[in-house]
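Chemist: This is the structure I want to talk about, given as structure tokens.
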Amino acid sequence: MLQKFVDRARELEFMERHFKNGKVGFIVLYGRRRVGKTELINRFIKNKKHIYFLARRESEVETFNRLSMELFKVFHDELLISRPFSSLDSFFDYLYEKAKEERIVVVIDEFPMLIERFRGLPSVLQDYWDNKLRFSKLFLILCGSSIGMMETEVLGYRSPLYGRRTGQWKVEPLNFFELIELFPNYSTEEIVKVYSALDAIPGYLVKFDPVLRVEKNIEERIFRKGEFLNLEPEFLLKEELRDPSNYMSILRTIAAGSSTFNEICNSTRLDKSLVSKYLTILDNLHIVEKTFPVIATGKARLKGKGSYRIKDKFFNFWFRYVYPFQDYLERGEIGVVVEFLNRDFNTYLGFVFEDVAREFLIRLKSESTSETPLRIGKWWHKDKEIDLLVLNETKKECVFFEVKWSELKRRECEKVLEELMEKSAYVEWHGKERIERYGIIAKRMGTGDKKDFRSKGYLVYDLEDFEALMKR
């Protein structure tokens with residue numbers, strides 16, 4: 001199993017910068033489960049005087065007993081053992097007295113779970129922060145995996161804690177290009193497959209054995225009953241939602257290919273008002289996102305119907321290959337599911353490869369000396385669709401890309417470029433004033449063909465270029 005910690009340089013730099021300024025700190029750290037928040041915190045608090053408290057579902061008495069014990073480990077005050085805290089006020093008063101004189105980091109992990117037990121906690125903390133704690137040397141970190149609760153109960157405008165934080169950071173999954181550090185023996189093609197199945201979530205990536213083939217890892221770690229990843233999305237939804245059944249139907253429908261609101265309603269046979277409500281909630285949980293053509297303006301986005309997709313690739317994979325086949329997997333009949341995966345996987349990888357290609361172009365841009373902002377995204381209108389557009393508003397330059405998860409021969413490339421030029425005429429962006437360029441991003445192309453097309457001004461890339469970029 002993988003155990004390597006991939007450097008979270010930006011996140012650590014952010015936290016260290018706030019800590020070293022010597023001022024009182026109130027940092028909100030949040031992000032989906034398994035994304036690596038706790039490991040990040042452990043790296044940050046190492047060699048610092050700290051209190052780390054992980055909230056959990058338990059009685060108030062047990063919570064106060066554990067809080068008292070965590071403070072005893074740091075301050076060695078035996079009164080904390082004989083007379084543990086009995087209220088939030090006694091805890092914050094004690095903390096204030098200690099933090100008046102010395103710098104100390106206090107981490108409350110899974111803070112939303114503590115709010116569930118103590119509904120008045122945000123108001124109590126607001127009172128203590130405004131009147132005592134902000135005059136101390138405390139460095140407080142509130143961490144949570146329930147994105148919805150962190151955004152409403154801590155960061156939201158209506159929260160008592162609104163405006164108190166000195167900084168916040170949403171911890172995102174790793175970048176695709178960081179996966180090579182975790183799977184140095186995998187080819188770039190295999191890393192795309194890993195990314196398509198697990199996204200770039202550290203807590204899931206460590207479950208794969210880098211010695212096994214990707215498909216074998218999928219079979220053994222995701223399809224097999226009893227394994228950690230086998231029912232993970234269902235467990236996560238149950239933690240966030242009272243009854244996830246309708247949400248799961250919607251996610252299954254989107255994973256199977258439905259993307260418009262009407263398609264989702266027709267497939268699930270749910271009332272439109274309910275589908276709208278459920279999609280909004282899934283969007284707030286950052287599981288589903290509504291996308292628009294990259295050239296769509298603010299007004300067009302408000303009026304436009306948009307297209308829905310599952311943002312989280314592990315959820316997308318699971319609802320495409322696990323959820324519909326749970327009866328088979330429950331009986332241990334993995335072969336049926338593996339057979340479907342073998343037939344369908346390249347189709348699914350084609351969709352994922354568009355996201356990988358987008359990351360590739362963003363990374364290429366970040367390594368260039370140009371500071372010109374770009375917009376990169378998909379475009380579609382009626383029956384026309386272009387996989388990626390790169391828009392440079394300053395230069396009025398538009399680069400049209402087709403993304404193909406396949407090995408392209410010269411004639412196929414010529415045909416793709418020809419069709420791309422035809423479709424580009426339907427893109428309404430700066431009319432005849434714009435500068436147009438065309439390109440292909442494929443799984444594989446002939447080296448000689450790439451050189452030839454590049455000499456003619458086309459932007460053509462394949463996984464060899466991805467690998468070269470990964471190793472820089």
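Here's how to read the names in the structure tokens: chain A, B, ... by the order shown, residue numbers from 1 in each chain, ligand numbers from 1 in the order shown.
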Residues near Phe453 of chain A, anyone? I mean within 12 Å using only C-alpha atoms, not counting same-chain ones fewer than 5 positions away, as a PyMOL selection string.
Modeler: chain A and resi 409-411+413-414+417+438-440+445-448+458-461
Chemist: Just asking: which residues within segment 290-442 of chain A are helix (DSSP H, G or I) according to DSSP, as a count of residues only?
Modeler: 75
Chemist: Env of segment 120-127 of chain A: 7 Å cut, atoms = only C-alpha atoms, seq-sep filter 4 positions within chain, self excluded. Answer as a list in words.
Modeler: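 Near neighbours after the sequence-gap exclusion: Ile115, Asn131, Pro160 and Leu161 of chain A.
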Chemist: Give me the residues within 12 Å of Glu428 of chain A as a PyMOL selection string, counting only C-alpha atoms and dropping any in the same chain fewer than 5 places off.
Modeler: chain A and resi 293-297+379-381+398+423+433-434
Chemist: Take the residues from that selection and put them in a file with N, CA and C atoms, as a tab-separated table (two decimals), in the first residue's frame.
Modeler:
chain	number	residue	atom	x	y	z
A	293	PRO	N	-21.16	26.39	-21.68
A	293	PRO	CA	-20.13	26.61	-22.69
A	293	PRO	C	-19.16	27.70	-22.24
A	294	VAL	N	-17.88	27.53	-22.53
A	294	VAL	CA	-16.86	28.41	-21.99
A	294	VAL	C	-17.06	29.87	-22.41
A	295	ILE	N	-17.73	30.11	-23.54
A	295	ILE	CA	-17.92	31.49	-23.98
A	295	ILE	C	-19.16	32.14	-23.38
A	296	ALA	N	-19.94	31.36	-22.62
A	296	ALA	CA	-21.19	31.89	-22.05
A	296	ALA	C	-20.90	33.03	-21.08
A	297	THR	N	-21.61	34.12	-21.21
A	297	THR	CA	-21.46	35.27	-20.32
A	297	THR	C	-22.30	35.06	-19.06
A	379	TRP	N	-17.13	23.70	-25.24
A	379	TRP	CA	-18.14	24.50	-25.93
A	379	TRP	C	-19.13	23.57	-26.61
A	380	TRP	N	-20.40	23.93	-26.55
A	380	TRP	CA	-21.40	23.17	-27.30
A	380	TRP	C	-22.57	24.09	-27.64
A	381	HIS	N	-23.24	23.73	-28.73
A	381	HIS	CA	-24.45	24.44	-29.15
A	381	HIS	C	-25.25	23.51	-30.05
A	398	CYS	N	-8.24	32.36	-30.19
A	398	CYS	CA	-8.99	31.19	-29.77
A	398	CYS	C	-8.33	29.94	-30.35
A	423	LYS	N	-16.60	23.06	-37.33
A	423	LYS	CA	-17.38	23.36	-36.12
A	423	LYS	C	-17.01	24.72	-35.55
A	433	GLU	N	-12.63	39.17	-36.19
A	433	GLU	CA	-11.46	39.81	-35.57
A	433	GLU	C	-10.55	38.80	-34.88
A	434	ARG	N	-11.06	37.64	-34.58
A	434	ARG	CA	-10.29	36.70	-33.76
A	434	ARG	C	-9.20	35.99	-34.58
